[in-house]
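Asks: Pasting input-v5.cif below, which is mmCIF, C-alpha atoms and all ligand atoms.
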```
data_data
loop_
_atom_site.label_atom_id
_atom_site.label_comp_id
_atom_site.auth_asym_id
_atom_site.auth_seq_id
_atom_site.Cartn_x
_atom_site.Cartn_y
_atom_site.Cartn_z
CA MET D 7 -23.46 -2.96 -18.36
CA SER D 8 -21.39 -5.05 -20.74
CA LEU D 9 -20.50 -8.64 -19.87
CA ASN D 10 -16.88 -7.77 -20.18
CA ALA D 11 -17.31 -5.16 -17.47
CA VAL D 12 -19.01 -7.62 -15.15
CA SER D 13 -16.28 -10.21 -15.46
CA THR D 14 -13.51 -7.81 -14.47
CA ARG D 15 -15.26 -6.54 -11.34
CA LEU D 16 -13.83 -7.59 -8.00
CA PRO D 17 -15.80 -8.48 -4.88
CA PRO D 18 -17.28 -5.33 -3.29
CA TRP D 19 -14.91 -5.34 -0.32
CA LEU D 20 -12.00 -4.90 -2.69
CA ILE D 21 -13.06 -1.64 -4.27
CA LYS D 22 -10.90 1.21 -3.13
CA LYS D 23 -12.03 4.82 -3.04
CA ILE D 24 -9.59 7.27 -4.58
CA HIS D 25 -8.72 10.22 -2.36
CA ARG D 26 -7.35 12.55 -4.98
CA ASN D 27 -7.37 15.95 -3.35
CA GLU D 28 -5.10 18.86 -2.52
CA VAL D 29 -3.36 17.01 0.31
CA SER D 30 -2.65 13.83 -1.63
CA LEU D 31 -1.55 15.76 -4.70
CA GLY D 32 0.68 17.88 -2.45
CA THR D 33 2.29 14.76 -0.97
CA LYS D 34 2.98 13.46 -4.46
CA GLU D 35 4.51 16.79 -5.44
CA ILE D 36 6.86 16.88 -2.41
CA LEU D 37 8.08 13.34 -3.13
CA LYS D 38 8.62 14.15 -6.76
CA SER D 39 10.44 17.40 -6.11
CA LEU D 40 12.90 15.55 -3.85
CA ASP D 41 13.34 12.79 -6.43
CA LEU D 42 12.23 10.10 -3.98
CA ASN D 43 10.80 6.71 -4.88
CA THR D 44 7.97 5.21 -2.91
CA VAL D 45 6.84 1.63 -2.78
CA CYS D 46 3.34 3.08 -2.86
CA GLU D 47 3.83 4.05 -6.50
CA SER D 48 6.26 1.34 -7.58
CA ALA D 49 4.17 -1.51 -6.17
CA ARG D 50 0.98 0.11 -7.50
CA CYS D 51 -0.41 -0.05 -4.00
CA PRO D 52 -4.19 0.41 -4.03
CA ASN D 53 -3.93 2.49 -0.84
CA MET D 54 -1.73 5.12 -2.46
CA TRP D 55 -4.23 7.96 -2.65
CA GLU D 56 -5.57 7.22 0.80
CA CYS D 57 -2.11 7.15 2.38
CA PHE D 58 -0.98 10.23 0.46
CA SER D 59 -4.10 12.08 1.59
CA LYS D 60 -3.06 11.33 5.18
CA ARG D 61 0.48 12.47 4.34
CA ARG D 62 1.79 8.94 4.68
CA ALA D 63 4.20 7.25 2.31
CA THR D 64 6.78 4.51 2.39
CA PHE D 65 10.13 5.57 1.03
CA MET D 66 11.90 3.12 -1.23
CA ILE D 67 15.65 3.65 -1.21
CA LEU D 68 18.41 2.28 -3.45
CA GLY D 69 16.57 2.99 -6.69
CA ASN D 70 13.46 1.55 -8.23
CA ILE D 71 14.93 -1.46 -10.00
CA CYS D 72 15.20 -4.76 -8.16
CA THR D 73 17.69 -7.59 -8.64
CA ARG D 74 15.19 -10.29 -7.71
CA ASN D 75 12.28 -11.80 -9.55
CA CYS D 76 9.49 -12.29 -7.03
CA ALA D 77 6.30 -13.35 -8.77
CA PHE D 78 3.98 -11.15 -6.70
CA CYS D 79 5.74 -7.84 -7.11
CA SER D 80 5.49 -5.15 -9.79
CA VAL D 81 8.71 -3.31 -8.97
CA LYS D 82 10.86 -3.23 -12.12
CA LYS D 83 13.47 -5.92 -12.41
CA GLY D 84 16.83 -5.59 -14.04
CA LEU D 85 20.12 -3.76 -13.81
CA PRO D 86 19.85 -1.43 -10.84
CA SER D 87 20.87 2.21 -10.71
CA HIS D 88 23.76 3.69 -8.71
CA VAL D 89 23.20 4.53 -5.06
CA LYS D 90 22.23 8.17 -4.59
CA LYS D 91 24.23 10.03 -1.96
CA SER D 92 21.47 12.59 -1.54
CA GLU D 93 18.80 10.02 -0.65
CA PRO D 94 19.13 10.11 3.16
CA SER D 95 19.02 13.91 3.33
CA ASN D 96 16.18 14.12 0.82
CA ILE D 97 14.15 11.67 2.91
CA THR D 98 14.90 13.70 6.02
CA GLU D 99 13.68 16.82 4.25
CA ALA D 100 10.52 15.06 3.07
CA VAL D 101 9.83 13.87 6.61
CA GLY D 102 10.01 17.47 7.79
CA ARG D 103 7.82 18.81 5.00
CA LEU D 104 5.24 16.06 5.39
CA ASN D 105 5.45 16.35 9.18
CA LEU D 106 5.72 12.58 9.55
CA LYS D 107 5.85 11.08 13.04
CA HIS D 108 6.39 7.55 11.83
CA VAL D 109 8.64 6.83 8.88
CA VAL D 110 8.82 3.57 6.98
CA ILE D 111 11.92 3.01 4.88
CA THR D 112 12.13 0.09 2.52
CA SER D 113 14.23 -0.77 -0.50
CA VAL D 114 14.50 -2.87 -3.56
CA THR D 115 16.71 -5.95 -3.09
CA ARG D 116 20.27 -5.15 -4.11
CA ASP D 117 22.05 -8.47 -4.38
CA ASP D 118 24.57 -6.66 -6.61
CA LEU D 119 25.89 -4.48 -3.77
CA LYS D 120 28.46 -5.88 -1.38
CA ASP D 121 26.50 -4.85 1.69
CA GLY D 122 23.09 -5.36 0.03
CA GLY D 123 22.45 -1.66 0.59
CA ALA D 124 22.69 -1.96 4.39
CA SER D 125 24.85 1.13 4.77
CA GLN D 126 22.37 3.25 2.83
CA PHE D 127 19.64 2.08 5.21
CA ALA D 128 21.90 2.96 8.14
CA ARG D 129 22.77 6.41 6.78
CA THR D 130 19.09 7.18 6.29
CA VAL D 131 18.13 6.07 9.80
CA TYR D 132 21.06 8.01 11.38
CA GLU D 133 20.19 11.19 9.56
CA LEU D 134 16.53 10.94 10.41
CA LYS D 135 17.16 10.24 14.08
CA LYS D 136 19.72 13.04 14.29
CA GLU D 137 17.26 15.56 12.90
CA TYR D 138 14.03 14.22 14.41
CA SER D 139 14.83 12.17 17.48
CA ASP D 140 11.16 11.67 18.36
CA VAL D 141 10.17 10.24 14.98
CA VAL D 142 9.52 6.49 15.02
CA VAL D 143 11.64 4.85 12.34
CA GLU D 144 10.63 1.53 10.84
CA VAL D 145 12.89 -0.28 8.39
CA LEU D 146 11.34 -2.82 6.06
CA THR D 147 14.30 -4.66 4.65
CA PRO D 148 15.23 -7.38 2.19
CA ASP D 149 16.82 -10.52 3.64
CA PHE D 150 20.42 -9.43 2.89
CA ARG D 151 20.91 -13.09 1.89
CA GLY D 152 21.05 -13.80 5.60
CA ASN D 153 24.34 -11.93 6.00
CA ALA D 154 24.59 -11.08 9.69
CA ASP D 155 27.08 -8.25 9.12
CA CYS D 156 24.64 -6.42 6.84
CA ILE D 157 21.74 -6.97 9.21
CA LYS D 158 23.84 -5.61 12.08
CA ILE D 159 24.69 -2.46 10.16
CA VAL D 160 20.98 -1.69 9.81
CA ALA D 161 20.01 -2.72 13.34
CA GLU D 162 22.78 -0.67 14.93
CA SER D 163 21.76 2.50 13.15
CA GLY D 164 18.90 2.77 15.65
CA PRO D 165 15.55 1.89 14.05
CA ASP D 166 12.60 1.40 16.41
CA ILE D 167 11.03 -1.34 14.33
CA PHE D 168 12.72 -3.95 12.15
CA ASN D 169 10.20 -5.20 9.61
CA HIS D 170 10.90 -8.07 7.28
CA ASN D 171 8.05 -9.75 5.45
CA ILE D 172 7.89 -13.49 5.09
CA GLU D 173 5.09 -12.75 2.57
CA THR D 174 3.72 -16.27 2.19
CA VAL D 175 3.68 -19.80 3.58
CA ASN D 176 6.66 -22.12 3.26
CA LYS D 177 5.09 -24.25 0.52
CA LEU D 178 4.70 -21.34 -1.88
CA TYR D 179 8.21 -19.92 -1.63
CA LYS D 180 9.50 -21.61 -4.77
CA ARG D 181 6.70 -20.16 -6.81
CA VAL D 182 6.31 -16.77 -5.16
CA ARG D 183 9.79 -15.84 -3.90
CA PRO D 184 12.19 -18.08 -5.86
CA GLN D 185 15.37 -16.35 -4.69
CA ALA D 186 14.32 -16.16 -1.04
CA ASP D 187 14.19 -18.77 1.68
CA TYR D 188 11.43 -19.16 4.26
CA TYR D 189 13.72 -20.03 7.17
CA ARG D 190 16.29 -17.42 6.22
CA SER D 191 13.58 -14.79 6.53
CA LEU D 192 12.32 -16.17 9.83
CA ASN D 193 15.85 -16.38 11.22
CA LEU D 194 16.43 -12.74 10.36
CA LEU D 195 13.59 -11.77 12.72
CA LYS D 196 14.93 -14.00 15.46
CA PHE D 197 18.44 -12.66 14.99
CA ILE D 198 17.17 -9.13 15.55
CA LYS D 199 15.26 -10.02 18.70
CA ASP D 200 18.09 -12.10 20.16
CA ASN D 201 20.69 -9.40 19.62
CA TYR D 202 18.68 -6.19 19.85
CA PRO D 203 15.77 -6.90 22.20
CA ALA D 204 14.75 -3.23 22.33
CA ILE D 205 13.88 -3.24 18.63
CA TYR D 206 10.38 -4.41 17.75
CA THR D 207 10.20 -7.08 15.09
CA LYS D 208 7.45 -7.01 12.50
CA SER D 209 6.45 -9.17 9.55
CA GLY D 210 3.70 -9.47 6.97
CA LEU D 211 1.80 -12.12 5.09
CA MET D 212 -0.21 -11.95 1.89
CA VAL D 213 -3.17 -14.30 1.61
CA GLY D 214 -4.97 -15.45 -1.53
CA LEU D 215 -1.90 -16.96 -3.18
CA GLY D 216 -3.15 -20.53 -2.84
CA GLU D 217 -2.24 -21.32 0.77
CA ASN D 218 -4.64 -23.21 3.03
CA ARG D 219 -5.65 -22.54 6.63
CA ASP D 220 -3.28 -25.08 8.17
CA GLU D 221 -0.33 -23.74 6.22
CA LEU D 222 -1.20 -20.22 7.31
CA GLU D 223 -1.48 -21.19 10.95
CA ALA D 224 1.85 -22.98 10.70
CA ALA D 225 3.37 -19.74 9.39
CA LEU D 226 1.90 -17.84 12.35
CA ASP D 227 3.44 -20.41 14.73
CA ASP D 228 6.79 -20.12 12.98
CA LEU D 229 6.69 -16.33 13.29
CA ILE D 230 5.97 -16.59 17.00
CA THR D 231 8.81 -19.05 17.60
CA HIS D 232 11.08 -16.70 15.63
CA SER D 233 10.28 -13.75 17.92
CA CYS D 234 7.99 -11.68 15.69
CA ASP D 235 6.16 -8.98 17.71
CA ILE D 236 3.88 -7.34 15.15
CA LEU D 237 2.05 -8.93 12.23
CA THR D 238 0.16 -7.62 9.21
CA ILE D 239 -2.05 -9.77 6.97
CA GLY D 240 -3.51 -8.55 3.68
CA GLN D 241 -5.03 -9.74 0.40
CA TYR D 242 -2.62 -10.45 -2.45
CA LEU D 243 -3.56 -8.56 -5.60
CA SER D 244 -1.82 -9.40 -8.83
CA PRO D 245 -0.17 -6.20 -10.11
CA SER D 246 -0.21 -7.23 -13.78
CA ARG D 247 -0.85 -10.15 -16.06
CA THR D 248 2.78 -11.21 -15.87
CA ASN D 249 2.57 -11.66 -12.10
CA ILE D 250 1.22 -14.71 -10.32
CA PRO D 251 -2.62 -14.72 -10.46
CA VAL D 252 -4.81 -14.39 -7.39
CA ALA D 253 -5.97 -17.81 -6.19
CA GLU D 254 -8.67 -16.52 -3.84
CA TYR D 255 -10.31 -13.32 -2.69
CA VAL D 256 -10.40 -13.88 1.03
CA HIS D 257 -13.56 -12.66 2.74
CA PRO D 258 -13.24 -9.89 5.39
CA ASP D 259 -14.69 -12.29 8.02
CA GLU D 260 -11.79 -14.65 7.42
CA PHE D 261 -9.35 -11.76 7.93
CA LYS D 262 -11.03 -11.06 11.27
CA ARG D 263 -10.79 -14.72 12.22
CA LEU D 264 -7.09 -14.78 11.33
CA GLU D 265 -6.51 -11.65 13.39
CA LYS D 266 -8.12 -13.31 16.39
CA VAL D 267 -6.14 -16.52 15.92
CA ALA D 268 -2.90 -14.52 15.64
CA PHE D 269 -3.61 -12.53 18.80
CA GLU D 270 -4.28 -15.78 20.62
CA LYS D 271 -0.96 -17.15 19.44
CA GLY D 272 0.74 -14.27 21.24
CA PHE D 273 1.63 -11.47 18.81
CA LEU D 274 1.86 -8.06 20.48
CA TYR D 275 -0.20 -6.52 17.74
CA VAL D 276 -1.93 -7.79 14.61
CA MET D 277 -3.59 -5.93 11.77
CA SER D 278 -5.50 -8.05 9.29
CA GLY D 279 -7.80 -6.97 6.45
CA PRO D 280 -8.11 -7.03 2.67
CA PHE D 281 -6.25 -3.73 2.13
CA VAL D 282 -3.75 -4.12 4.96
CA ARG D 283 -0.20 -3.81 3.72
CA SER D 284 3.03 -4.12 5.61
CA SER D 285 3.31 -0.34 5.89
CA TYR D 286 -0.39 0.49 5.98
CA ASN D 287 -1.23 2.74 8.93
CA ALA D 288 2.12 1.74 10.40
CA ASP D 289 1.89 4.53 12.98
CA GLN D 290 -1.47 3.30 14.27
CA VAL D 291 -0.25 -0.28 14.41
CA PHE D 292 2.73 0.79 16.48
CA ASN D 293 0.76 3.03 18.84
CA LYS D 294 -1.88 0.39 19.47
CA LYS D 295 0.87 -2.09 20.28
CA CYS D 296 2.18 0.40 22.85
CA ASP D 297 -1.30 0.77 24.39
CA LYS D 298 -1.53 -2.98 24.69
CA GLU D 299 1.86 -3.19 26.36
CA GLU D 300 0.81 -0.64 28.98
CA VAL D 301 -2.27 -2.71 29.82
CA MET G 27 -17.91 22.66 -15.45
CA VAL G 28 -15.58 20.23 -13.70
CA GLU G 29 -13.89 17.23 -15.24
CA VAL G 30 -13.70 13.71 -13.88
CA VAL G 31 -10.20 12.52 -14.68
CA VAL G 32 -8.59 9.07 -14.57
CA PRO G 33 -6.11 9.42 -11.68
CA ASP G 34 -2.55 8.15 -11.55
CA LEU G 35 -2.78 4.55 -10.30
CA GLY G 36 0.87 3.71 -9.75
CA GLU G 37 4.10 3.38 -11.66
CA ASP G 38 3.77 2.29 -15.28
CA VAL G 39 0.00 1.98 -15.05
CA GLU G 40 -1.14 3.77 -18.16
CA LYS G 41 -4.57 2.28 -18.70
CA ALA G 42 -7.65 1.28 -16.78
CA LYS G 43 -11.01 -0.12 -17.75
CA ILE G 44 -14.32 1.52 -16.96
CA SER G 45 -16.07 -1.26 -15.10
CA PHE G 46 -19.20 0.52 -13.89
CA TRP G 47 -20.86 3.91 -14.06
CA HIS G 48 -22.75 4.62 -10.85
CA TYR G 49 -24.85 7.32 -12.59
CA GLU G 50 -26.31 8.24 -15.95
CA GLU G 51 -26.11 11.50 -17.84
CA GLY G 52 -28.47 14.04 -16.31
CA ASP G 53 -28.20 12.59 -12.79
CA LYS G 54 -27.35 14.76 -9.85
CA VAL G 55 -24.25 13.83 -7.80
CA GLU G 56 -22.91 15.07 -4.50
CA LYS G 57 -19.27 15.88 -4.04
CA ASN G 58 -17.38 12.71 -3.00
CA ASP G 59 -20.10 10.30 -4.14
CA ASP G 60 -18.65 7.54 -6.28
CA VAL G 61 -19.17 8.31 -9.95
CA VAL G 62 -17.32 5.55 -11.70
CA GLU G 63 -15.57 2.29 -10.98
CA LEU G 64 -12.25 1.71 -12.72
CA THR G 65 -10.33 -1.54 -12.95
CA THR G 66 -6.62 -1.95 -13.54
CA ASP G 67 -4.76 -5.24 -13.71
CA LYS G 68 -4.16 -4.94 -9.99
CA ALA G 69 -7.22 -3.46 -8.35
CA THR G 70 -10.60 -1.82 -8.61
CA PHE G 71 -11.19 1.79 -7.64
CA ASN G 72 -14.14 4.08 -7.12
CA ILE G 73 -13.59 7.61 -8.35
CA PRO G 74 -15.59 10.19 -6.38
CA ALA G 75 -17.15 13.33 -7.82
CA PRO G 76 -14.79 16.29 -7.42
CA GLU G 77 -17.79 18.65 -6.99
CA SER G 78 -21.57 18.43 -6.60
CA GLY G 79 -23.59 19.00 -9.75
CA ILE G 80 -25.32 17.44 -12.71
CA ILE G 81 -23.52 14.90 -14.86
CA THR G 82 -23.70 16.39 -18.29
CA GLU G 83 -21.61 13.87 -20.14
CA LEU G 84 -20.19 10.38 -19.68
CA CYS G 85 -17.53 10.20 -22.36
CA VAL G 86 -16.76 6.47 -22.27
CA GLU G 87 -18.79 3.25 -22.20
CA GLU G 88 -18.48 0.49 -19.63
CA GLY G 89 -15.90 -2.06 -20.71
CA GLU G 90 -13.81 0.48 -22.58
CA GLU G 91 -10.20 1.25 -21.79
CA VAL G 92 -9.16 4.72 -20.75
CA GLU G 93 -5.79 6.33 -20.20
CA VAL G 94 -4.43 7.88 -17.03
CA GLY G 95 -5.16 11.61 -17.20
CA GLU G 96 -8.07 11.19 -19.61
CA VAL G 97 -11.28 13.13 -18.97
CA ILE G 98 -14.09 10.62 -18.68
CA ALA G 99 -17.04 12.73 -17.51
CA PHE G 100 -18.19 16.30 -17.00
CA ILE G 101 -20.11 17.65 -14.04
CA ASP G 102 -21.88 20.99 -14.25
CA GLU G 103 -21.77 22.61 -10.82
CA GLU G 104 -23.81 25.64 -11.90
CA ASN G 105 -26.53 23.47 -13.21
CA GLU G 106 -26.92 22.17 -9.69
CA GLU G 107 -28.14 25.54 -8.48
CA LEU G 108 -30.59 25.82 -11.34
CA GLU G 109 -31.93 22.39 -10.55
CA LEU G 110 -32.15 23.08 -6.86
CA SER G 111 -34.25 26.17 -7.36
CA SER G 112 -36.66 24.39 -9.66
CA GLU G 113 -39.83 23.01 -8.12
CA ASP G 114 -39.24 19.28 -8.17
CA GLU G 115 -35.96 19.67 -6.32
CA GLU G 116 -37.46 21.68 -3.53
CA GLU G 117 -37.34 18.89 -1.02
CA GLU G 118 -33.66 18.45 -1.53
CA ASP G 119 -33.24 22.18 -1.22
CA THR G 120 -34.21 22.03 2.44
CA ASN G 121 -31.21 19.84 3.09
CA PHE G 122 -28.85 22.67 2.45
S1 LIG X 1 -0.11 0.90 2.38
FE1 LIG X 1 2.10 1.27 2.45
S2 LIG X 1 2.79 0.99 0.33
FE2 LIG X 1 0.57 1.20 0.30
S3 LIG X 1 0.26 3.37 -0.09
FE3 LIG X 1 0.18 3.08 2.12
S4 LIG X 1 2.25 3.48 2.81
FE4 LIG X 1 2.35 3.16 0.61
#
```
Any chance you could put this one into structure tokens?
Ligand code: SF4

Replies:
Amino acid sequence: MSLNAVSTRLPPWLIKKIHRNEVSLGTKEILKSLDLNTVCESARCPNMWECFSKRRATFMILGNICTRNCAFCSVKKGLPSHVKKSEPSNITEAVGRLNLKHVVITSVTRDDLKDGGASQFARTVYELKKEYSDVVVEVLTPDFRGNADCIKIVAESGPDIFNHNIETVNKLYKRVRPQADYYRSLNLLKFIKDNYPAIYTKSGLMVGLGENRDELEAALDDLITHSCDILTIGQYLSPSRTNIPVAEYVHPDEFKRLEKVAFEKGFLYVMSGPFVRSSYNADQVFNKKCDKEEV
Amino acid sequence: MVEVVVPDLGEDVEKAKISFWHYEEGDKVEKNDDVVELTTDKATFNIPAPESGIITELCVEEGEEVEVGEVIAFIDEENEELELSSEDEEEEDTNF
């Protein structure tokens, strides 16, 4: 083995098996034929082949070009494309063809649009719920610059889960999410719970960006005081050399510890592990939360 | 003969680096066993064998860059049967 090869290898718990088979290739084909973007592909998610092989995907609406410059994200930045009218119905068709029971809809951030893309979220949720009333719909939204009217448009379209990631601890916002604001993101979650108590709130954190334990625990406390029900915690992986580098590969035992700490702090459900992403196994996360509620 | 191909690893990812071969030429692999480890800027992946058989060729060295869609190894599925019927593979034969 060459030295070069050794130096680029990651710790063994971060090696992902590729599930490239008929099912995953079929999922890819369906998405492509309906001209749909997924965050799975755009964010170069390491779980892509696994999720596709389970017929899971996270739809990314409003194009694949983002108006913000977050340092952790590989989605293309620049001048965004026009909003496609056909997107909601194409997603609805994909949901039928993939036989999805839990749909996650996310988007790029569209600071250029008056409503931040809220109405496109709403149209997609309406159409989905009209066609498949029993499908669980999760929206994973940008912060809409804290605009309550936009947030209301999405919330009132009838999603079951409102997911908005705070991504990292307060200290790292300037470096990691320069155009976002830690408290604005937290307040969005609280706004949802205060005004729409039937909607579950969900958020996610990436670790390995240079945060310490105390800062992380403070973020968990802040999420709890801002009415977050469900939490995901995963390892940050730098998508390319132009993104912020990984500060630490967090050991799986530490993920387990964090999960325990978070449960103790009072979240309804927590999923924590190196490959956990905000939308990873979202159906399982939601169903387990329901089991816990029944107990 | 089946090909081991570098899979699509996300938008605009055109290249990956071969970080580790789990086998050598001439080795026998089972379907789904990891054959090769690939590293992109973002993550590291294990690529499983699409079929059981004998690895007849590893086309690229560790440390080298490969392109998405490139064939990086060949597995001979027929060879597997030949090998299995030969004497020294008899023990394994009973597993089937
Ligand atoms: S974890 Fe989420 S973003 Fe990643 S592949 Fe799965 S559904 Fe897509």

Asks: For Ile230 (chain D), find every residue with an atom within 8 Å (counting only C-alpha atoms), except residues of its own chain fewer than 6 positions away, and show them as a list in words.

Replies: Lys271, Gly272 and Phe273 of chain D

Asks: What's the separation between CA of Pro94 (chain D) and CA of Lys107 (chain D), in Å to one decimal place?

Replies: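 Calculated distance between CA of Pro94 (chain D) and CA of Lys107 (chain D) is 16.6 Å.
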
Asks: From the options G:Thr82, G:Lys57, G:Gly52, G:Ile101, which residue's atoms come nearest to chain D, counting only C-alpha atoms?

Replies: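 For chain D, the nearest of the given residues is G:Lys57.
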
Asks: With distances taken over all atoms listed in the file, which residue among G:Met27, G:Val92, G:Ile98, G:Ala75 lies nearest Asp59 (chain G)?

Replies: G:Ala75

Asks: Could you name the residues that touch Ile71 (chain D) at 9 Å or less, counting all atoms listed in the file, but leaving out those on the same chain fewer than 6 positions away, as a list of chain:residue names?

Replies: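 Skipping anything fewer than 6 positions along the chain leaves D:Val81, D:Lys82, D:Lys83, D:Gly84, D:Leu85, D:Pro86, D:Ser87, D:Val114, D:Thr115, D:Arg116.
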
Asks: Neighbours of ligand LIG 1 (chain X) at 9 Å or closer, counting only C-alpha atoms and all ligand atoms: which residues, as a list of chain:residue names?

Replies: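 Listed by chain and ascending number, the contacts are D:Thr44, D:Val45, D:Cys46, D:Glu47, D:Ser48, D:Ala49, D:Arg50, D:Cys51, D:Pro52, D:Asn53, D:Met54, D:Trp55, D:Glu56, D:Cys57, D:Phe58, D:Arg62, D:Ala63, D:Thr64, D:Phe65, D:Val110, D:Phe281, D:Val282, D:Arg283, D:Ser284, D:Ser285, D:Tyr286, D:Asn287, D:Ala288.
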
Asks: With a cut-off of 12 Å and counting only C-alpha atoms, select all residues of chain G in contact with chain D and give the selection as number ranges by chain.

Replies: G: 30-50, 57-77, 87-91

Asks: Could you work out how far CA of Ala225 (chain D) lies from CA of Ile157 (chain D), giving the answer in Å with one decimal?

Replies: 22.4 Å

Asks: List as a compact mmCIF listing (two decimals) with C-alpha atoms, in the frame of the given file the protein and nucleic acid residues near His88 (chain D), meaning an atom at most 10 Å away when all atoms listed in the file are counted, but skip any in the same chain fewer than 2 places from it.

Replies:
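The resulting selection-v6.txt:
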```txt
# COMPACT_ATOMS: atom_id res chain seq x y z
CA LEU D 68 18.41 2.28 -3.45
CA GLY D 69 16.57 2.99 -6.69
CA LEU D 85 20.12 -3.76 -13.81
CA PRO D 86 19.85 -1.43 -10.84
CA LYS D 90 22.23 8.17 -4.59
CA LYS D 91 24.23 10.03 -1.96
CA LEU D 119 25.89 -4.48 -3.77
```

Asks: Can you pull out the residues contacting Val55 (chain G)? Cut-off 7 Å, using all atoms listed in the file, and skip same-chain residues under 3 positions away; I want them as number ranges by chain.

Replies: G: 59, 78-80

Asks: Please measure the separation of CA of Thr130 (chain D) and CA of Cys79 (chain D), giving the value in Å to one decimal.

Replies: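 CA of Thr130 (chain D) sits 24.2 Å away from CA of Cys79 (chain D).
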
Asks: From (11.3, -16.9, 19.7), in the file's coordinates, out to 10 Å: which residues are reached, counting all atoms listed in the file? Answer as a list in words.

Replies: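 Residues lying no farther than 10 Å from the given point: Leu192, Asn193, Leu195, Lys196, Phe197, Lys199, Asp200, Asp227, Asp228, Leu229, Ile230, Thr231, His232, Ser233, Cys234 and Asp235 of chain D.
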
Asks: Compile the contact shell of Val142 (chain D) as a list of chain:residue names: residues with an atom at most 10 Å away, counting only C-alpha atoms, same-chain residues fewer than 5 positions apart removed.

Replies: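 The neighbour list is D:Leu106, D:Lys107, D:His108, D:Val109, D:Val110, D:Leu134, D:Lys135, D:Pro165, D:Asp166, D:Ile167, D:Ala288, D:Asp289, D:Phe292.
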
Asks: Generate the missing atoms of region 92-96 of chain G up to all heavy atoms and report them as a PDB file, in the coordinates of the input.

Replies:
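Written file, selection_21.pdb:
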```
ATOM      1  N   VAL G  92      -9.461   3.288 -20.787  1.00  0.00           N
ATOM      2  CA  VAL G  92      -9.160   4.720 -20.750  1.00  0.00           C
ATOM      3  C   VAL G  92      -7.712   4.897 -20.300  1.00  0.00           C
ATOM      4  O   VAL G  92      -7.125   4.004 -19.704  1.00  0.00           O
ATOM      5  CB  VAL G  92     -10.093   5.465 -19.776  1.00  0.00           C
ATOM      6  CG1 VAL G  92     -11.473   5.618 -20.366  1.00  0.00           C
ATOM      7  CG2 VAL G  92     -10.161   4.768 -18.427  1.00  0.00           C
ATOM      8  N   GLU G  93      -7.178   6.084 -20.587  1.00  0.00           N
ATOM      9  CA  GLU G  93      -5.790   6.330 -20.200  1.00  0.00           C
ATOM     10  C   GLU G  93      -5.726   7.206 -18.968  1.00  0.00           C
ATOM     11  O   GLU G  93      -6.620   8.023 -18.732  1.00  0.00           O
ATOM     12  CB  GLU G  93      -5.068   7.014 -21.358  1.00  0.00           C
ATOM     13  CG  GLU G  93      -4.700   5.985 -22.395  1.00  0.00           C
ATOM     14  CD  GLU G  93      -3.950   6.565 -23.564  1.00  0.00           C
ATOM     15  OE1 GLU G  93      -3.377   7.660 -23.429  1.00  0.00           O
ATOM     16  OE2 GLU G  93      -3.953   5.889 -24.601  1.00  0.00           O
ATOM     17  N   VAL G  94      -4.644   7.037 -18.199  1.00  0.00           N
ATOM     18  CA  VAL G  94      -4.430   7.880 -17.030  1.00  0.00           C
ATOM     19  C   VAL G  94      -4.368   9.344 -17.491  1.00  0.00           C
ATOM     20  O   VAL G  94      -3.699   9.662 -18.471  1.00  0.00           O
ATOM     21  CB  VAL G  94      -3.115   7.473 -16.310  1.00  0.00           C
ATOM     22  CG1 VAL G  94      -2.716   8.503 -15.268  1.00  0.00           C
ATOM     23  CG2 VAL G  94      -3.297   6.106 -15.667  1.00  0.00           C
ATOM     24  N   GLY G  95      -5.128  10.194 -16.838  1.00  0.00           N
ATOM     25  CA  GLY G  95      -5.160  11.610 -17.200  1.00  0.00           C
ATOM     26  C   GLY G  95      -6.321  11.953 -18.120  1.00  0.00           C
ATOM     27  O   GLY G  95      -6.643  13.122 -18.316  1.00  0.00           O
ATOM     28  N   GLU G  96      -6.969  10.939 -18.682  1.00  0.00           N
ATOM     29  CA  GLU G  96      -8.070  11.190 -19.610  1.00  0.00           C
ATOM     30  C   GLU G  96      -9.310  11.716 -18.876  1.00  0.00           C
ATOM     31  O   GLU G  96      -9.599  11.303 -17.749  1.00  0.00           O
ATOM     32  CB  GLU G  96      -8.412   9.853 -20.314  1.00  0.00           C
ATOM     33  CG  GLU G  96      -9.338   9.995 -21.493  1.00  0.00           C
ATOM     34  CD  GLU G  96      -9.521   8.649 -22.228  1.00  0.00           C
ATOM     35  OE1 GLU G  96      -8.577   7.826 -22.264  1.00  0.00           O
ATOM     36  OE2 GLU G  96     -10.626   8.450 -22.758  1.00  0.00           O
TER      37      GLU G  96
END
```
